[in-house]
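*Asks:* mmCIF, C-alpha atoms, file entry-v6.cif:
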```
data_protein
loop_
_atom_site.label_atom_id
_atom_site.label_comp_id
_atom_site.auth_asym_id
_atom_site.auth_seq_id
_atom_site.Cartn_x
_atom_site.Cartn_y
_atom_site.Cartn_z
CA MET A 1 100.84 69.41 98.99
CA ARG A 2 97.81 69.37 101.27
CA ILE A 3 97.43 72.85 102.76
CA PHE A 4 95.05 74.27 105.35
CA VAL A 5 94.57 78.03 105.01
CA ALA A 6 93.24 79.78 108.11
CA GLY A 7 91.69 83.12 107.23
CA ALA A 8 91.14 81.95 103.67
CA THR A 9 88.61 84.64 102.76
CA GLY A 10 90.45 87.68 104.11
CA ALA A 11 92.24 90.28 102.01
CA VAL A 12 95.26 88.02 101.47
CA GLY A 13 93.50 84.68 101.72
CA ARG A 14 91.06 85.35 98.88
CA ARG A 15 94.05 85.92 96.56
CA LEU A 16 96.19 83.20 98.07
CA VAL A 17 93.76 80.30 97.64
CA PRO A 18 93.50 80.57 93.82
CA LEU A 19 97.29 80.77 93.57
CA LEU A 20 97.69 77.61 95.65
CA VAL A 21 95.03 75.77 93.66
CA ALA A 22 96.65 76.84 90.37
CA ALA A 23 99.99 75.53 91.65
CA GLY A 24 98.42 72.09 92.10
CA HIS A 25 98.03 72.07 95.88
CA GLU A 26 95.08 70.43 97.64
CA VAL A 27 93.64 73.33 99.61
CA THR A 28 91.19 73.44 102.49
CA GLY A 29 90.18 76.92 103.56
CA GLY A 30 88.81 77.89 106.95
CA THR A 31 86.16 80.60 107.12
CA ARG A 32 83.60 81.94 109.57
CA THR A 33 80.66 82.35 107.22
CA PRO A 34 78.49 80.38 104.76
CA GLN A 35 79.36 82.99 102.13
CA GLY A 36 83.02 82.21 102.71
CA VAL A 37 82.36 78.52 102.16
CA GLU A 38 80.71 79.29 98.82
CA ARG A 39 83.58 81.57 97.76
CA LEU A 40 86.22 78.94 98.55
CA ARG A 41 84.41 76.16 96.73
CA ALA A 42 84.03 78.42 93.72
CA GLN A 43 87.81 78.90 93.80
CA GLY A 44 88.38 75.14 93.62
CA ALA A 45 89.21 74.59 97.29
CA SER A 46 87.54 72.54 99.99
CA ALA A 47 85.98 74.66 102.72
CA VAL A 48 85.11 74.36 106.38
CA ARG A 49 83.41 76.74 108.77
CA VAL A 50 85.55 77.24 111.83
CA ASP A 51 85.51 79.37 114.97
CA VAL A 52 89.14 80.09 115.74
CA PHE A 53 88.29 80.96 119.34
CA ASP A 54 86.87 77.46 119.85
CA ALA A 55 89.81 75.07 120.22
CA ASP A 56 87.69 72.02 119.43
CA SER A 57 86.38 73.63 116.24
CA VAL A 58 89.92 74.32 115.06
CA HIS A 59 91.15 70.83 115.99
CA ARG A 60 88.32 69.20 114.04
CA ALA A 61 88.88 71.38 110.98
CA VAL A 62 92.63 70.79 110.82
CA ALA A 63 92.36 67.08 111.59
CA ALA A 64 89.81 66.59 108.80
CA ALA A 65 92.02 68.43 106.30
CA ALA A 66 95.08 66.36 107.32
CA PRO A 67 97.40 69.05 105.94
CA GLU A 68 101.10 68.87 105.36
CA ALA A 69 101.32 72.63 105.86
CA VAL A 70 99.23 75.35 107.52
CA VAL A 71 99.07 78.92 106.26
CA HIS A 72 97.94 81.37 108.95
CA GLN A 73 96.30 84.49 107.51
CA LEU A 74 93.94 85.14 110.43
CA THR A 75 93.08 88.74 111.22
CA ASP A 76 90.11 90.62 112.66
CA LEU A 77 90.42 94.03 111.03
CA ALA A 78 87.01 94.57 109.49
CA HIS A 79 85.89 96.99 112.20
CA GLY A 80 89.27 98.39 113.22
CA ASP A 81 89.18 96.79 116.67
CA ARG A 82 92.73 96.51 118.03
CA ALA A 83 91.64 94.30 120.92
CA ALA A 84 89.84 91.87 118.63
CA ASN A 85 92.85 91.61 116.33
CA GLY A 86 95.15 91.12 119.30
CA ARG A 87 92.90 88.34 120.59
CA ILE A 88 92.92 86.51 117.28
CA ARG A 89 96.72 86.74 117.18
CA ARG A 90 97.00 85.26 120.66
CA GLU A 91 94.09 82.83 120.99
CA GLY A 92 93.45 82.03 117.35
CA THR A 93 97.13 81.33 116.73
CA ARG A 94 97.39 79.23 119.87
CA HIS A 95 94.47 77.04 118.82
CA LEU A 96 95.76 76.77 115.26
CA VAL A 97 99.27 75.78 116.31
CA ASP A 98 98.00 73.25 118.84
CA ALA A 99 95.75 71.72 116.19
CA ALA A 100 98.61 71.61 113.69
CA LYS A 101 100.91 69.89 116.16
CA ARG A 102 98.23 67.34 117.03
CA ALA A 103 97.74 66.62 113.32
CA GLY A 104 101.48 66.14 112.76
CA VAL A 105 101.95 69.26 110.64
CA THR A 106 105.61 70.17 110.23
CA ARG A 107 105.37 73.44 108.29
CA ILE A 108 103.57 76.71 109.00
CA VAL A 109 103.56 80.09 107.26
CA ALA A 110 102.17 82.85 109.46
CA GLN A 111 101.16 86.47 108.90
CA SER A 112 102.84 89.14 111.03
CA ILE A 113 103.64 92.82 110.39
CA SER A 114 106.74 94.89 109.72
CA TRP A 115 106.02 97.95 111.90
CA ALA A 116 106.48 96.28 115.29
CA TYR A 117 110.26 96.77 115.34
CA ALA A 118 112.17 98.68 117.99
CA PRO A 119 112.97 102.34 117.20
CA GLY A 120 115.80 103.26 114.86
CA ASP A 121 116.89 105.60 112.11
CA ALA A 122 116.99 103.22 109.13
CA PRO A 123 114.55 100.67 107.73
CA ALA A 124 114.54 97.60 109.98
CA ASP A 125 115.79 94.23 108.87
CA GLU A 126 114.90 90.91 110.46
CA SER A 127 117.74 91.08 112.97
CA THR A 128 116.09 94.10 114.62
CA PRO A 129 114.24 93.13 117.82
CA LEU A 130 110.56 93.72 118.30
CA ASP A 131 109.62 96.87 120.20
CA VAL A 132 109.10 95.11 123.55
CA ALA A 133 109.71 98.35 125.47
CA ALA A 134 106.79 100.10 123.75
CA GLU A 135 104.25 101.96 125.84
CA PRO A 136 100.50 101.24 125.65
CA PRO A 137 98.58 101.01 123.41
CA ARG A 138 101.41 99.94 121.09
CA ALA A 139 102.61 97.50 123.74
CA GLY A 140 99.46 95.44 123.35
CA MET A 141 99.97 95.09 119.62
CA VAL A 142 103.63 94.15 119.95
CA GLY A 143 102.82 91.66 122.69
CA SER A 144 100.19 89.92 120.58
CA LEU A 145 102.62 89.65 117.65
CA ARG A 146 105.30 88.24 119.91
CA ALA A 147 102.83 85.61 121.12
CA LEU A 148 101.88 84.76 117.52
CA GLU A 149 105.47 84.44 116.36
CA GLU A 150 106.56 82.38 119.37
CA ALA A 151 103.63 80.02 118.91
CA ALA A 152 104.40 79.57 115.20
CA ALA A 153 108.00 78.74 116.10
CA GLU A 154 106.78 75.59 117.87
CA ILE A 155 106.23 74.04 114.43
CA GLU A 156 109.34 72.37 112.99
CA THR A 157 109.56 74.61 109.91
CA HIS A 158 108.06 78.02 110.56
CA VAL A 159 108.13 81.06 108.31
CA VAL A 160 106.79 84.32 109.71
CA LEU A 161 105.97 86.91 107.06
CA ARG A 162 106.28 90.43 108.43
CA TYR A 163 104.11 92.19 105.91
CA GLY A 164 104.17 95.87 105.11
CA THR A 165 101.00 97.97 105.06
CA PHE A 166 98.59 96.28 102.68
CA TYR A 167 97.12 98.23 99.81
CA GLY A 168 94.92 97.15 96.94
CA PRO A 169 91.44 95.59 96.68
CA GLY A 170 89.88 94.54 99.96
CA THR A 171 92.26 96.57 102.14
CA TRP A 172 91.96 99.86 104.00
CA TYR A 173 94.22 101.47 101.39
CA ALA A 174 92.06 100.98 98.31
CA ARG A 175 89.73 102.95 96.08
CA GLY A 176 86.55 103.41 98.09
CA GLY A 177 88.26 102.21 101.27
CA PRO A 178 88.66 103.76 104.71
CA LEU A 179 91.74 105.89 103.93
CA GLU A 180 89.98 107.51 101.00
CA ALA A 181 86.98 108.12 103.25
CA VAL A 182 89.20 109.84 105.81
CA LEU A 183 90.77 112.04 103.13
CA ARG A 184 87.31 113.04 101.93
CA GLY A 185 86.00 113.61 105.43
CA ASP A 186 83.27 111.02 104.89
CA GLN A 187 81.36 109.42 107.73
CA VAL A 188 80.80 106.12 105.91
CA THR A 189 83.60 103.61 105.35
CA ARG A 190 83.63 100.13 103.94
CA ASP A 191 84.18 96.81 105.63
CA PRO A 192 87.44 95.54 104.05
CA ALA A 193 86.44 91.90 104.59
CA ALA A 194 82.95 92.03 103.12
CA GLY A 195 83.07 95.12 100.91
CA ASP A 196 79.80 96.34 102.42
CA PRO A 197 79.00 99.89 103.54
CA ALA A 198 79.11 100.30 107.29
CA ALA A 199 77.95 103.59 108.79
CA GLY A 200 79.89 104.58 111.85
CA ASP A 201 82.59 101.96 111.25
CA PRO A 202 85.49 102.86 113.60
CA VAL A 203 88.16 101.91 111.06
CA ALA A 204 88.39 105.52 109.90
CA ALA A 205 88.94 106.63 113.46
CA LEU A 206 91.71 104.06 113.79
CA ILE A 207 93.46 105.38 110.66
CA GLY A 208 93.14 109.07 111.52
CA PRO A 209 94.29 111.67 111.88
CA VAL A 210 96.12 111.53 108.57
CA VAL A 211 99.27 113.63 108.62
CA ALA A 212 101.55 114.20 105.62
CA GLY A 213 104.63 114.25 107.81
CA ASP A 214 107.86 112.35 108.29
CA ALA A 215 106.55 109.01 109.60
CA VAL A 216 107.98 106.29 107.33
CA SER A 217 105.91 103.34 106.10
CA SER A 218 106.66 100.27 104.02
CA PHE A 219 103.90 99.01 101.74
CA VAL A 220 103.07 95.76 99.97
CA HIS A 221 100.35 95.19 97.40
CA VAL A 222 97.98 92.50 98.61
CA GLU A 223 98.67 90.40 95.50
CA ASP A 224 102.39 90.44 96.28
CA ALA A 225 101.59 89.46 99.87
CA ALA A 226 99.71 86.39 98.61
CA ARG A 227 102.53 85.47 96.24
CA ALA A 228 105.01 85.64 99.11
CA ALA A 229 102.89 83.20 101.15
CA VAL A 230 102.99 80.70 98.29
CA ALA A 231 106.76 81.07 97.93
CA ALA A 232 107.25 80.74 101.70
CA LEU A 233 106.08 77.12 101.55
CA ASP A 234 109.59 76.38 100.26
CA TRP A 235 111.54 78.77 102.50
CA PRO A 236 113.60 77.83 105.58
CA SER A 237 112.46 78.76 109.08
CA GLY A 238 112.70 82.39 110.08
CA THR A 239 111.14 85.83 109.82
CA VAL A 240 110.97 87.62 106.48
CA ASN A 241 109.99 91.22 105.77
CA VAL A 242 107.55 91.22 102.86
CA VAL A 243 107.55 94.86 101.78
CA ASP A 244 108.17 96.78 98.60
CA ASP A 245 111.46 98.42 97.68
CA GLU A 246 110.71 101.96 98.79
CA PRO A 247 110.06 102.85 102.44
CA ALA A 248 108.71 106.39 102.36
CA PRO A 249 107.50 109.22 104.60
CA ALA A 250 103.83 110.12 104.56
CA ARG A 251 104.64 113.51 102.99
CA ALA A 252 105.68 111.52 99.89
CA TRP A 253 103.24 108.60 99.67
CA LEU A 254 100.06 110.24 100.99
CA PRO A 255 99.70 112.81 98.17
CA ALA A 256 100.34 110.01 95.67
CA PHE A 257 97.59 107.89 97.20
CA ALA A 258 95.19 110.83 97.23
CA ALA A 259 95.90 111.53 93.57
CA ALA A 260 95.37 107.88 92.66
CA VAL A 261 91.87 107.78 94.19
CA GLY A 262 90.93 111.34 93.28
CA ALA A 263 90.71 112.54 96.86
CA PRO A 264 92.02 115.82 98.33
CA ALA A 265 95.48 115.51 99.80
CA PRO A 266 96.27 116.98 103.20
CA ALA A 267 98.74 119.84 103.26
CA PRO A 268 102.29 118.81 104.15
CA ALA A 269 102.86 118.98 107.88
CA VAL A 270 105.04 121.86 109.01
CA ASP A 271 106.49 119.69 111.77
CA GLY A 272 105.36 116.16 110.96
CA GLY A 273 107.68 114.43 113.36
CA ARG A 274 108.45 110.72 113.38
CA ALA A 275 108.22 108.20 116.19
CA GLY A 276 111.30 106.02 116.39
CA TRP A 277 109.41 102.92 115.28
CA GLU A 278 108.02 104.67 112.18
CA ARG A 279 111.07 103.61 110.20
CA GLY A 280 109.92 101.22 107.46
CA ALA A 281 111.44 97.82 106.75
CA ASP A 282 114.08 96.30 104.49
CA ASN A 283 113.20 93.49 102.04
CA THR A 284 116.71 92.24 101.27
CA ARG A 285 116.10 88.81 102.76
CA ALA A 286 112.86 88.23 100.83
CA ARG A 287 114.60 89.14 97.59
CA ARG A 288 117.51 86.79 98.38
CA LEU A 289 114.94 84.03 98.86
CA GLY A 290 113.65 84.73 95.36
CA TRP A 291 110.55 86.85 96.00
CA ARG A 292 110.08 89.61 93.45
CA PRO A 293 107.14 91.98 93.96
CA LEU A 294 104.97 92.70 90.94
CA HIS A 295 104.64 96.19 92.42
CA PRO A 296 108.17 97.09 93.57
CA THR A 297 107.10 100.56 94.69
CA TRP A 298 103.88 102.16 95.89
CA ARG A 299 104.55 104.93 93.34
CA THR A 300 103.43 102.67 90.50
CA GLY A 301 101.28 100.39 92.65
CA PHE A 302 98.91 103.15 93.70
CA THR A 303 98.15 103.90 90.06
CA THR A 304 96.46 100.47 89.80
CA LEU A 305 93.95 101.16 92.59
#
```
Would you write the structure of this file as structure tokens?

*Replies:*
Amino acid sequence: MRIFVAGATGAVGRRLVPLLVAAGHEVTGGTRTPQGVERLRAQGASAVRVDVFDADSVHRAVAAAAPEAVVHQLTDLAHGDRAANGRIRREGTRHLVDAAKRAGVTRIVAQSISWAYAPGDAPADESTPLDVAAEPPRAGMVGSLRALEEAAAEIETHVVLRYGTFYGPGTWYARGGPLEAVLRGDQVTRDPAAGDPAAGDPVAALIGPVVAGDAVSSFVHVEDAARAAVAALDWPSGTVNVVDDEPAPARAWLPAFAAAVGAPAPAPAVDGGRAGWERGADNTRARRLGWRPLHPTWRTGFTTL
């Protein structure tokens, strides 16, 4: 299959492209930088520089690739800028979907997240509505995801992957990454996209404060996220939670992460509290579709960091 991967050099994309190539697909990856072009070609893919905020640039890139499917892994998380990531979800997705439709693409797999659900007491499944009643600043995030998912649904076969919190190489939750920096009280974090030191990077501020309380998260190792995107090329239309098997409160997973990276763990919160949306997500549908995570729980996954 001819596949165009948008965001091909991000945390998921850099693992996804080799998997697609190994599976025999003809892959063209979109990237913003010359270094990204070199990385993609080294992985056996074709590469094109593209500005996702320039509609003409996206149209040219997709038209030249003539893909049968588009995989959308676009994010802008390197500097922890919510507005920038919201813009790429709205504008970048809009340009990508328009280009795909113009090129006659009938299948898209798109990256979303699993913590935008409405409040509740149990892990959310895909029938749970998005948290459209959220107050700012959460409202902006939910709105951008809604725009992304609605745009993707304009393609005949559309699979939206609602990923859990990424951990593993190239993510915020990795050895030497921003969460470790926060736990150590460091002032220098690392750019998850480039792996370069960045003094004053606001990502740490976006993560903090770190509280070992009752807020529940669902995780997914970045390798499992990439494997799900490959599998989703054969899935029917719909949303799918791509998370591990164990939603957990921060008072459980945060000490385990700290131990894995050798950082001091915060003391358990006396009254950690939990917002209604901090509920985790259920992966029953993904498992019924045949996805099996290599890291079924963060408990063992963190030990590989």

*Asks:* Out of A:Thr165, A:Ser46, A:Thr128, A:Asn283, which residue has the shortest atom-to-atom distance to Ala64 of chain A when counting all atoms listed in the file?

*Replies:*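 Closest to Ala64 of chain A of all the choices is A:Ser46.
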
*Asks:* Given all atoms listed in the file as the basis, pick out the residue of A:Asp121, A:Asp51, A:Glu38, A:Glu278 nearest to Ala250 of chain A.

*Replies:*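 Using all atoms listed in the file, Ala250 of chain A sits closest to A:Glu278.
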
*Asks:* Can you give me, as an mmCIF file with C-alpha atoms, keeping the file's coordinate frame, the residues this file yields under the PyMOL selection byres ((chain A and resi 17-28) around 7)?

*Replies:*
```
data_model
loop_
_atom_site.group_PDB
_atom_site.id
_atom_site.type_symbol
_atom_site.label_atom_id
_atom_site.label_comp_id
_atom_site.auth_asym_id
_atom_site.auth_seq_id
_atom_site.Cartn_x
_atom_site.Cartn_y
_atom_site.Cartn_z
ATOM 1 C CA MET A 1 100.840 69.410 98.990
ATOM 2 C CA ARG A 2 97.810 69.370 101.270
ATOM 3 C CA ILE A 3 97.430 72.850 102.760
ATOM 4 C CA PHE A 4 95.050 74.270 105.350
ATOM 5 C CA VAL A 5 94.570 78.030 105.010
ATOM 6 C CA ALA A 8 91.140 81.950 103.670
ATOM 7 C CA GLY A 13 93.500 84.680 101.720
ATOM 8 C CA ARG A 14 91.060 85.350 98.880
ATOM 9 C CA ARG A 15 94.050 85.920 96.560
ATOM 10 C CA LEU A 16 96.190 83.200 98.070
ATOM 11 C CA GLY A 29 90.180 76.920 103.560
ATOM 12 C CA GLY A 30 88.810 77.890 106.950
ATOM 13 C CA GLN A 43 87.810 78.900 93.800
ATOM 14 C CA GLY A 44 88.380 75.140 93.620
ATOM 15 C CA ALA A 45 89.210 74.590 97.290
ATOM 16 C CA SER A 46 87.540 72.540 99.990
ATOM 17 C CA ALA A 47 85.980 74.660 102.720
ATOM 18 C CA ALA A 65 92.020 68.430 106.300
ATOM 19 C CA VAL A 230 102.990 80.700 98.290
#
```

*Asks:* Wanna dump the segment 67-137 of chain A-segment 252-276 of chain A contacts at 8 Å for me, each residue with its shortest atom pair and the distance in Å to one decimal, counting all atoms listed in the file, ordered by chain and number, as CSV?

*Replies:*
```
residue,atom,partner,partner_atom,distance
A:Ala118,CA,A:Gly276,CA,7.6
A:Pro119,CA,A:Gly276,CA,4.1
A:Gly120,CA,A:Gly276,CA,5.5
A:Asp121,CA,A:Gly276,CA,7.1
```

*Asks:* Tell me which of A:Val142, A:Ala215, A:Val97, A:Val48 sits closest to Glu156 of chain A, counting all atoms listed in the file.

*Replies:*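 Among A:Val142, A:Ala215, A:Val97, A:Val48, it is A:Val97 that comes nearest to Glu156 of chain A.
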
*Asks:* Kindly give the distance, in Å, that separates atom CA of Gly143 of chain A and atom CA of Arg90 of chain A, rounded to a single decimal.

*Replies:*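 Going from atom CA of Gly143 of chain A over to atom CA of Arg90 of chain A, I get 8.9 Å.
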